[in-house]
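This is protein-v4.txt (compact mmCIF, C-alpha atoms and all ligand atoms).
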```txt
# COMPACT_ATOMS: atom_id res chain seq x y z
CA MET L 1 102.34 84.07 130.31
CA SER L 2 104.24 83.66 127.02
CA ILE L 3 105.88 86.64 125.38
CA ILE L 4 103.37 86.39 122.52
CA GLN L 5 100.47 86.61 124.99
CA GLU L 6 102.19 89.56 126.68
CA ILE L 7 102.39 91.37 123.32
CA SER L 8 98.66 90.84 122.84
CA GLU L 9 97.87 92.01 126.40
CA TYR L 10 100.00 95.17 126.20
CA LEU L 11 98.57 95.97 122.76
CA GLN L 12 95.06 95.79 124.18
CA LYS L 13 96.11 98.25 126.90
CA GLY L 14 97.63 100.54 124.26
CA ARG L 15 101.11 100.38 125.78
CA ALA L 16 103.15 101.15 122.65
CA LYS L 17 106.52 101.27 124.42
CA ASN L 18 106.03 97.82 125.99
CA VAL L 19 104.76 96.35 122.72
CA LYS L 20 107.79 97.68 120.87
CA GLN L 21 110.17 96.27 123.51
CA LEU L 22 108.45 92.88 123.61
CA VAL L 23 108.38 92.49 119.82
CA GLN L 24 112.12 93.20 119.76
CA GLN L 25 112.66 90.71 122.59
CA ALA L 26 110.62 88.07 120.74
CA LEU L 27 112.71 88.62 117.61
CA ASP L 28 115.92 88.39 119.67
CA GLU L 29 114.64 85.07 121.01
CA GLN L 30 114.27 83.89 117.40
CA LEU L 31 110.47 83.61 117.48
CA ASP L 32 108.83 83.43 114.06
CA PRO L 33 107.89 86.98 112.90
CA LYS L 34 104.63 85.63 111.46
CA GLU L 35 103.72 84.14 114.85
CA ILE L 36 104.50 87.48 116.52
CA LEU L 37 102.27 89.21 113.98
CA ASN L 38 99.34 86.78 113.91
CA ASP L 39 99.20 85.45 117.48
CA GLY L 40 100.49 88.58 119.24
CA LEU L 41 99.67 91.84 117.45
CA LEU L 42 96.69 90.84 115.29
CA GLN L 43 95.20 88.66 118.02
CA GLY L 44 95.35 91.63 120.44
CA MET L 45 93.76 93.95 117.89
CA MET L 46 91.02 91.41 117.19
CA ILE L 47 90.08 91.39 120.89
CA VAL L 48 90.03 95.21 120.92
CA GLY L 49 87.80 95.09 117.80
CA THR L 50 85.32 92.76 119.47
CA LYS L 51 85.20 94.90 122.62
CA PHE L 52 84.72 98.01 120.47
CA LYS L 53 81.80 96.35 118.69
CA ASN L 54 80.23 95.41 122.03
CA ASN L 55 80.70 98.91 123.45
CA GLU L 56 83.10 97.64 126.10
CA VAL L 57 85.84 100.00 124.88
CA PHE L 58 85.58 103.25 122.89
CA VAL L 59 87.46 105.23 120.21
CA PRO L 60 90.26 106.56 122.51
CA GLU L 61 91.14 103.03 123.69
CA VAL L 62 91.06 101.73 120.11
CA LEU L 63 93.25 104.58 118.99
CA VAL L 64 95.98 103.89 121.56
CA ALA L 65 95.78 100.17 120.73
CA ALA L 66 96.24 101.06 117.04
CA ARG L 67 99.29 103.17 117.94
CA ALA L 68 100.73 100.25 119.87
CA MET L 69 100.03 98.00 116.87
CA ASN L 70 101.85 100.35 114.51
CA ALA L 71 104.79 100.59 116.97
CA GLY L 72 105.06 96.79 117.00
CA LEU L 73 104.73 96.58 113.23
CA ALA L 74 107.58 99.06 112.76
CA VAL L 75 109.92 96.74 114.69
CA LEU L 76 108.67 93.71 112.78
CA GLU L 77 108.79 95.26 109.32
CA PRO L 78 112.43 94.43 108.40
CA LYS L 79 111.78 90.78 109.26
CA LEU L 80 108.52 90.57 107.33
CA VAL L 81 109.93 92.33 104.31
CA GLU L 82 112.58 90.32 102.60
CA VAL L 83 112.92 92.31 99.44
CA GLY L 84 113.75 90.42 96.27
CA ASN L 85 116.39 91.76 93.88
CA GLU L 86 114.24 92.25 90.83
CA PRO L 87 111.76 95.15 90.97
CA VAL L 88 108.38 93.68 90.10
CA GLY L 89 106.45 96.85 89.36
CA LYS L 90 105.05 100.04 90.80
CA ALA L 91 102.06 100.11 93.13
CA VAL L 92 100.00 103.09 94.23
CA ILE L 93 98.19 102.38 97.48
CA GLY L 94 96.02 104.14 100.02
CA THR L 95 92.96 104.04 102.23
CA VAL L 96 89.97 105.57 100.47
CA GLN L 97 88.45 108.98 101.10
CA GLY L 98 86.69 109.41 104.44
CA ASP L 99 88.46 106.42 105.95
CA LEU L 100 91.29 106.74 108.47
CA HIS L 101 92.00 103.04 109.11
CA ASP L 102 95.55 102.28 108.04
CA ILE L 103 96.79 99.21 109.90
CA GLY L 104 95.66 96.70 107.25
CA LYS L 105 96.83 98.99 104.46
CA ASN L 106 100.25 99.27 106.14
CA LEU L 107 100.48 95.48 106.26
CA VAL L 108 99.67 95.28 102.55
CA VAL L 109 102.42 97.87 101.91
CA MET L 110 104.93 95.70 103.80
CA MET L 111 103.99 92.56 101.90
CA LEU L 112 104.07 94.36 98.53
CA LYS L 113 107.53 95.70 99.38
CA GLY L 114 108.54 92.17 100.27
CA ALA L 115 107.26 90.98 96.88
CA GLY L 116 109.55 93.55 95.21
CA PHE L 117 107.13 96.39 94.42
CA GLU L 118 108.11 100.05 94.38
CA ILE L 119 105.47 101.60 96.62
CA TYR L 120 103.73 104.96 96.43
CA ASP L 121 101.75 105.08 99.68
CA LEU L 122 99.22 107.92 99.65
CA GLY L 123 98.21 107.29 103.27
CA VAL L 124 94.61 107.60 104.42
CA ASP L 125 91.57 109.62 103.29
CA VAL L 126 92.66 109.47 99.64
CA ALA L 127 90.34 110.99 97.03
CA PRO L 128 89.47 108.76 94.04
CA SER L 129 91.20 111.13 91.60
CA ALA L 130 94.36 111.21 93.76
CA PHE L 131 94.91 107.47 93.14
CA VAL L 132 94.61 108.06 89.40
CA ASP L 133 96.78 111.20 89.38
CA LYS L 134 99.57 109.42 91.28
CA ALA L 135 99.38 106.34 89.05
CA GLU L 136 99.76 108.57 85.98
CA GLU L 137 102.58 110.57 87.57
CA VAL L 138 104.74 107.58 88.48
CA GLY L 139 103.75 105.15 85.69
CA ALA L 140 102.24 102.64 88.09
CA ASP L 141 101.18 99.11 87.21
CA ILE L 142 98.60 98.63 89.92
CA ILE L 143 96.26 100.74 92.07
CA CYS L 144 95.51 99.25 95.51
CA MET L 145 92.66 100.57 97.64
CA SER L 146 91.79 99.70 101.21
CA ALA L 147 88.47 100.45 103.00
CA LEU L 148 87.34 99.48 106.50
CA LEU L 149 83.98 101.23 106.58
CA THR L 150 80.86 100.24 104.68
CA THR L 151 80.28 103.97 104.18
CA THR L 152 83.61 104.50 102.38
CA MET L 153 83.58 101.43 100.13
CA PRO L 154 81.74 103.34 97.33
CA LYS L 155 84.83 105.52 96.94
CA MET L 156 86.51 102.49 95.37
CA GLN L 157 83.89 102.52 92.64
CA ASP L 158 84.41 106.27 92.19
CA CYS L 159 88.08 105.58 91.48
CA VAL L 160 87.22 102.94 88.87
CA GLU L 161 84.74 105.40 87.30
CA THR L 162 87.42 108.12 87.25
CA LEU L 163 89.73 105.74 85.40
CA LYS L 164 86.98 105.07 82.86
CA GLU L 165 86.20 108.77 82.41
CA ARG L 166 89.86 109.43 81.65
CA ASN L 167 90.08 106.44 79.28
CA LEU L 168 92.64 104.82 81.56
CA ARG L 169 90.73 101.81 82.85
CA ASP L 170 92.73 99.24 80.86
CA LYS L 171 96.06 100.83 81.73
CA TYR L 172 95.99 99.84 85.43
CA ILE L 173 95.24 96.75 87.46
CA VAL L 174 92.85 97.65 90.28
CA MET L 175 92.92 95.68 93.54
CA VAL L 176 90.60 96.26 96.50
CA GLY L 177 90.53 94.92 100.04
CA GLY L 178 89.60 95.58 103.65
CA ALA L 179 87.28 93.93 106.17
CA PRO L 180 83.88 94.87 104.62
CA VAL L 181 85.02 94.28 101.01
CA ASN L 182 84.47 90.98 99.21
CA ASP L 183 84.79 89.37 95.83
CA SER L 184 81.28 90.12 94.65
CA PHE L 185 81.66 93.81 95.58
CA ALA L 186 84.94 93.93 93.63
CA LYS L 187 83.22 92.43 90.58
CA GLN L 188 80.23 94.75 90.96
CA ILE L 189 82.39 97.92 90.89
CA GLY L 190 84.62 96.66 88.07
CA ALA L 191 87.84 96.14 90.05
CA ASP L 192 90.20 93.42 88.81
CA TYR L 193 90.94 91.72 92.11
CA TYR L 194 89.73 91.42 95.68
CA THR L 195 92.15 89.87 98.14
CA PRO L 196 91.31 89.04 101.77
CA ASP L 197 94.69 89.59 103.42
CA ALA L 198 98.05 91.25 102.95
CA ALA L 199 100.01 88.12 102.00
CA THR L 200 97.46 87.17 99.33
CA ALA L 201 97.39 90.77 98.09
CA ALA L 202 101.15 90.66 97.43
CA GLU L 203 100.95 87.24 95.80
CA VAL L 204 98.08 88.19 93.49
CA ALA L 205 99.56 91.62 92.67
CA LYS L 206 102.87 90.04 91.67
CA LYS L 207 101.18 87.45 89.46
CA ALA L 208 98.88 90.03 87.87
CA VAL L 209 101.68 92.48 87.09
CA THR L 210 103.97 89.76 85.75
CA GLU L 211 101.23 88.45 83.45
CA LYS L 212 100.11 91.93 82.29
CO1 LIG L 301 87.27 101.76 113.43
N1 LIG L 301 85.74 100.68 112.82
N2 LIG L 301 86.14 103.34 113.36
N3 LIG L 301 88.79 102.67 114.21
N4 LIG L 301 88.01 100.00 113.75
C1 LIG L 301 86.04 99.21 112.55
C2 LIG L 301 86.48 99.01 111.10
C3 LIG L 301 84.62 98.55 112.88
C4 LIG L 301 84.36 97.25 112.12
C5 LIG L 301 84.48 98.37 114.41
C6 LIG L 301 83.16 97.77 114.81
O1 LIG L 301 82.19 98.44 114.93
N5 LIG L 301 83.13 96.49 114.99
C7 LIG L 301 83.64 99.72 112.48
C8 LIG L 301 83.18 99.72 111.01
C9 LIG L 301 81.73 99.30 110.85
C10 LIG L 301 81.39 99.25 109.41
O2 LIG L 301 81.50 100.19 108.67
N6 LIG L 301 80.95 98.09 108.99
C11 LIG L 301 84.49 100.93 112.81
C12 LIG L 301 83.96 102.23 113.05
C13 LIG L 301 82.44 102.33 113.09
C14 LIG L 301 84.77 103.37 113.26
C15 LIG L 301 84.33 104.81 113.51
C16 LIG L 301 83.17 105.31 112.66
C17 LIG L 301 84.02 104.91 115.03
C18 LIG L 301 83.51 106.25 115.49
O3 LIG L 301 84.12 107.26 115.30
N7 LIG L 301 82.36 106.18 116.09
C19 LIG L 301 85.62 105.62 113.22
C20 LIG L 301 85.75 106.02 111.74
C21 LIG L 301 86.95 106.91 111.49
C22 LIG L 301 87.23 107.03 110.00
O4 LIG L 301 87.89 106.20 109.43
N8 LIG L 301 86.70 108.09 109.39
C23 LIG L 301 86.65 104.58 113.56
C24 LIG L 301 87.91 104.90 114.04
C25 LIG L 301 88.89 103.98 114.38
C26 LIG L 301 90.20 104.36 115.01
C27 LIG L 301 90.80 105.67 114.48
C28 LIG L 301 89.99 104.51 116.50
C29 LIG L 301 91.07 103.07 114.75
C30 LIG L 301 91.93 103.14 113.45
C31 LIG L 301 93.36 103.49 113.73
C32 LIG L 301 94.24 103.19 112.52
O5 LIG L 301 93.95 102.41 111.64
N9 LIG L 301 95.37 103.86 112.53
C33 LIG L 301 89.99 102.02 114.51
C34 LIG L 301 90.23 100.61 114.56
C35 LIG L 301 91.60 100.18 114.98
C36 LIG L 301 89.22 99.66 114.23
C37 LIG L 301 89.24 98.12 114.41
C38 LIG L 301 89.04 97.86 115.91
C39 LIG L 301 90.47 97.39 113.94
C40 LIG L 301 90.85 97.61 112.48
C41 LIG L 301 92.21 97.01 112.22
O6 LIG L 301 93.20 97.73 112.20
N10 LIG L 301 92.27 95.68 112.10
C42 LIG L 301 87.98 97.70 113.52
C43 LIG L 301 87.30 96.43 114.04
C44 LIG L 301 87.74 95.20 113.28
O7 LIG L 301 88.21 95.26 112.15
N11 LIG L 301 87.54 94.08 113.89
C45 LIG L 301 87.24 98.95 113.38
C46 LIG L 301 93.53 94.96 111.91
C47 LIG L 301 93.94 94.98 110.43
C48 LIG L 301 95.22 94.20 110.22
O8 LIG L 301 92.89 94.36 109.70
O9 LIG L 301 92.37 96.49 108.37
O10 LIG L 301 90.92 94.40 108.15
P1 LIG L 301 92.25 95.01 108.38
O11 LIG L 301 93.25 94.52 107.22
C49 LIG L 301 93.32 93.16 106.85
C50 LIG L 301 92.42 92.79 105.66
O12 LIG L 301 91.19 93.49 105.66
C51 LIG L 301 93.29 93.02 104.48
O13 LIG L 301 94.62 92.80 104.94
C52 LIG L 301 94.71 92.93 106.36
C53 LIG L 301 95.20 91.60 106.95
O14 LIG L 301 96.31 91.10 106.35
N12 LIG L 301 93.30 94.30 103.78
C54 LIG L 301 93.55 94.34 102.44
C55 LIG L 301 93.14 95.57 104.21
N13 LIG L 301 93.28 96.42 103.19
C56 LIG L 301 93.53 95.70 102.09
C57 LIG L 301 93.77 96.08 100.77
C58 LIG L 301 94.01 95.08 99.82
C59 LIG L 301 94.00 93.74 100.19
C60 LIG L 301 93.78 93.34 101.49
O15 LIG L 301 94.25 95.33 98.52
C61 LIG L 301 94.42 96.63 98.07
```
Output the file's structure in the form of structure tokens.
Ligand code: B1M
Amino acid sequence: MSIIQEISEYLQKGRAKNVKQLVQQALDEQLDPKEILNDGLLQGMMIVGTKFKNNEVFVPEVLVAARAMNAGLAVLEPKLVEVGNEPVGKAVIGTVQGDLHDIGKNLVVMMLKGAGFEIYDLGVDVAPSAFVDKAEEVGADIICMSALLTTTMPKMQDCVETLKERNLRDKYIVMVGGAPVNDSFAKQIGADYYTPDAATAAEVAKKAVTEK
């Protein structure tokens, strides 16, 4: 079994310590960090996701797999994030209220850092007004919201509405993403951008802020 396959296997078993060790070993062996991420960590999490959907595994197993994922990501982060010299802008980011999924959001954070953004990460379960308050406090350029549940997606719209109520809508770029989100939803709620993955999020955010 290749080391990449081993990373995927251990992630599925929720063995954070092994995942951490193997990711470090893969980096020491000069494997491509993107391959480690896509074919090892994300591949493992995708299998867990499918099993979860089919009721073959349950929340506790998913939770330990997520911990193992985050442990692997922490080792990988310095390699994924090659920060440019010029600060590009300030980004406020979080997972919306009622939603505790943070793996995708953490990946977006890494890629935004890599693109040169100063990041204000509000974590998970972030109220619509908290995004706006933080953006005002730090003089942000862009507000980035992640949602993984169909039930929490409407909170993105609440944030856009809060911006409108405070006459701040034109002051900030609003980007949304997460597995159940798509372009037409973004348009419908009045967000500026939907992006499907972390790398695209960083690319689009950089372009949008530079052109603002
Ligand atoms: Co949850 N969960 N979960 N879960 N979970 C999903 C999302 C689900 C699809 C599983 C399923 O049924 N197939 C389902 C949602 C169904 C729906 O609403 N349509 C689900 C459910 C139902 C639940 C609970 C309700 C289960 C329960 O309690 N009965 C519960 C809700 C808790 C809550 O949030 N209030 C719950 C709990 C959990 C755990 C806590 C156990 C754990 C999260 C741990 C953590 O994040 N720290 C968890 C996990 C891990 C998952 C799955 C298996 C994996 C999610 C993940 O991390 N994917 C997920 C199944 C799946 O997605 N296949 C599932 C990897 C990650 C890299 O992808 O987050 O999509 P993703 O991010 C991508 C893109 O979406 C994008 O970039 C990333 C890739 O580069 N992206 C952005 C994300 N945010 C972006 C923002 C952007 C741009 C791009 O701009 C701002």
List as a PyMOL selection string the protein and nucleic acid residues lying within 7 Å of ligand LIG 301 (chain L), with only C-alpha atoms and all ligand atoms counted. chain L and resi 42+45-46+48-50+52-53+59-60+62-63+66-67+93+98-105+107-108+144-151+175-180+194-199+201
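Ranking L:Ala140, L:Pro87, L:Met111, L:Lys134 by their shortest atom-to-atom distance to Val204 of chain L, with all atoms listed in the file included, puts L:Met111 first.
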I'd like the interatomic distance between atom CA of Gln43 of chain L and atom CA of Asp183 of chain L, to a tenth of an Å. 24.5 Å
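Minimum atom-to-atom distances from L:Ala115, L:Val57, L:Ile4, L:Ile142 to Lys90 of chain L were compared using only C-alpha atoms, and the lowest value belongs to L:Ile142.
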Can you tell me how far atom CA of Ile7 of chain L sits from atom CA of Phe58 of chain L, in Å to one decimal? 20.6 Å
Give the centre and edge lengths of an axis-aligned box, in Å to one decimal, that holds all listed atoms of segment 65-73 of chain L with 6 Å on each side, as lines of an AutoDock Vina configuration file.
```
center_x = 100.4
center_y = 99.9
center_z = 117.0
size_x = 21.3
size_y = 18.6
size_z = 19.5
```
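Rounded to one decimal, atom CA of Met153 of chain L and atom CA of Leu168 of chain L lie 20.9 Å from each other.
Each of L:Ala202, L:Val92, L:Val126, L:Leu76 was checked against Tyr172 of chain L using all atoms listed in the file; the smallest atom-to-atom distance is that of L:Val92.
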Please identify all polymer residues within 12 Å of Cys159 of chain L, counting only C-alpha atoms, omitting same-chain residues fewer than 6 positions from it, and present them as a short mmCIF file (atom, residue, chain, number, x, y, z; two decimals) with C-alpha atoms, keeping the file's coordinate frame.
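What follows is the written file out.cif:
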```cif
data_model
loop_
_atom_site.label_atom_id
_atom_site.label_comp_id
_atom_site.auth_asym_id
_atom_site.auth_seq_id
_atom_site.Cartn_x
_atom_site.Cartn_y
_atom_site.Cartn_z
CA GLY L 94 96.02 104.14 100.02
CA THR L 95 92.96 104.04 102.23
CA VAL L 96 89.97 105.57 100.47
CA GLN L 97 88.45 108.98 101.10
CA VAL L 126 92.66 109.47 99.64
CA ALA L 127 90.34 110.99 97.03
CA PRO L 128 89.47 108.76 94.04
CA SER L 129 91.20 111.13 91.60
CA ALA L 130 94.36 111.21 93.76
CA PHE L 131 94.91 107.47 93.14
CA VAL L 132 94.61 108.06 89.40
CA ASP L 133 96.78 111.20 89.38
CA ALA L 135 99.38 106.34 89.05
CA ILE L 143 96.26 100.74 92.07
CA CYS L 144 95.51 99.25 95.51
CA MET L 145 92.66 100.57 97.64
CA SER L 146 91.79 99.70 101.21
CA THR L 152 83.61 104.50 102.38
CA MET L 153 83.58 101.43 100.13
CA GLU L 165 86.20 108.77 82.41
CA ARG L 166 89.86 109.43 81.65
CA LEU L 168 92.64 104.82 81.56
CA ARG L 169 90.73 101.81 82.85
CA TYR L 172 95.99 99.84 85.43
CA VAL L 174 92.85 97.65 90.28
CA MET L 175 92.92 95.68 93.54
CA VAL L 176 90.60 96.26 96.50
CA ILE L 189 82.39 97.92 90.89
CA GLY L 190 84.62 96.66 88.07
CA ALA L 191 87.84 96.14 90.05
#
```
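Restricting the calculation to all atoms listed in the file, the smallest distance between Val138 of chain L and any of L:Pro78, L:Gly114, L:Pro154, L:Gly89 is found for L:Gly89.
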Do a neighbour search on Val75 of chain L at 8 Å with all atoms listed in the file, toss out local chain neighbours closer than 4 positions, and write the hits as an NGL selection string. :L and (20 or 23-24 or 71)
Considering all atoms listed in the file, return as a compact mmCIF listing (two decimals) with C-alpha atoms, in the coordinates of the input whatever protein or nucleic-acid residues lie within 6 Å of Leu11 of chain L, sequence-local ones (same chain, fewer than 5 positions apart) excluded.
```txt
# COMPACT_ATOMS: atom_id res chain seq x y z
CA GLY L 44 95.35 91.63 120.44
CA ALA L 65 95.78 100.17 120.73
CA ALA L 68 100.73 100.25 119.87
```
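Ranking L:Asn182, L:Ser2, L:Asp125, L:Val109 by their shortest atom-to-atom distance to Leu31 of chain L, with only C-alpha atoms included, puts L:Ser2 first.
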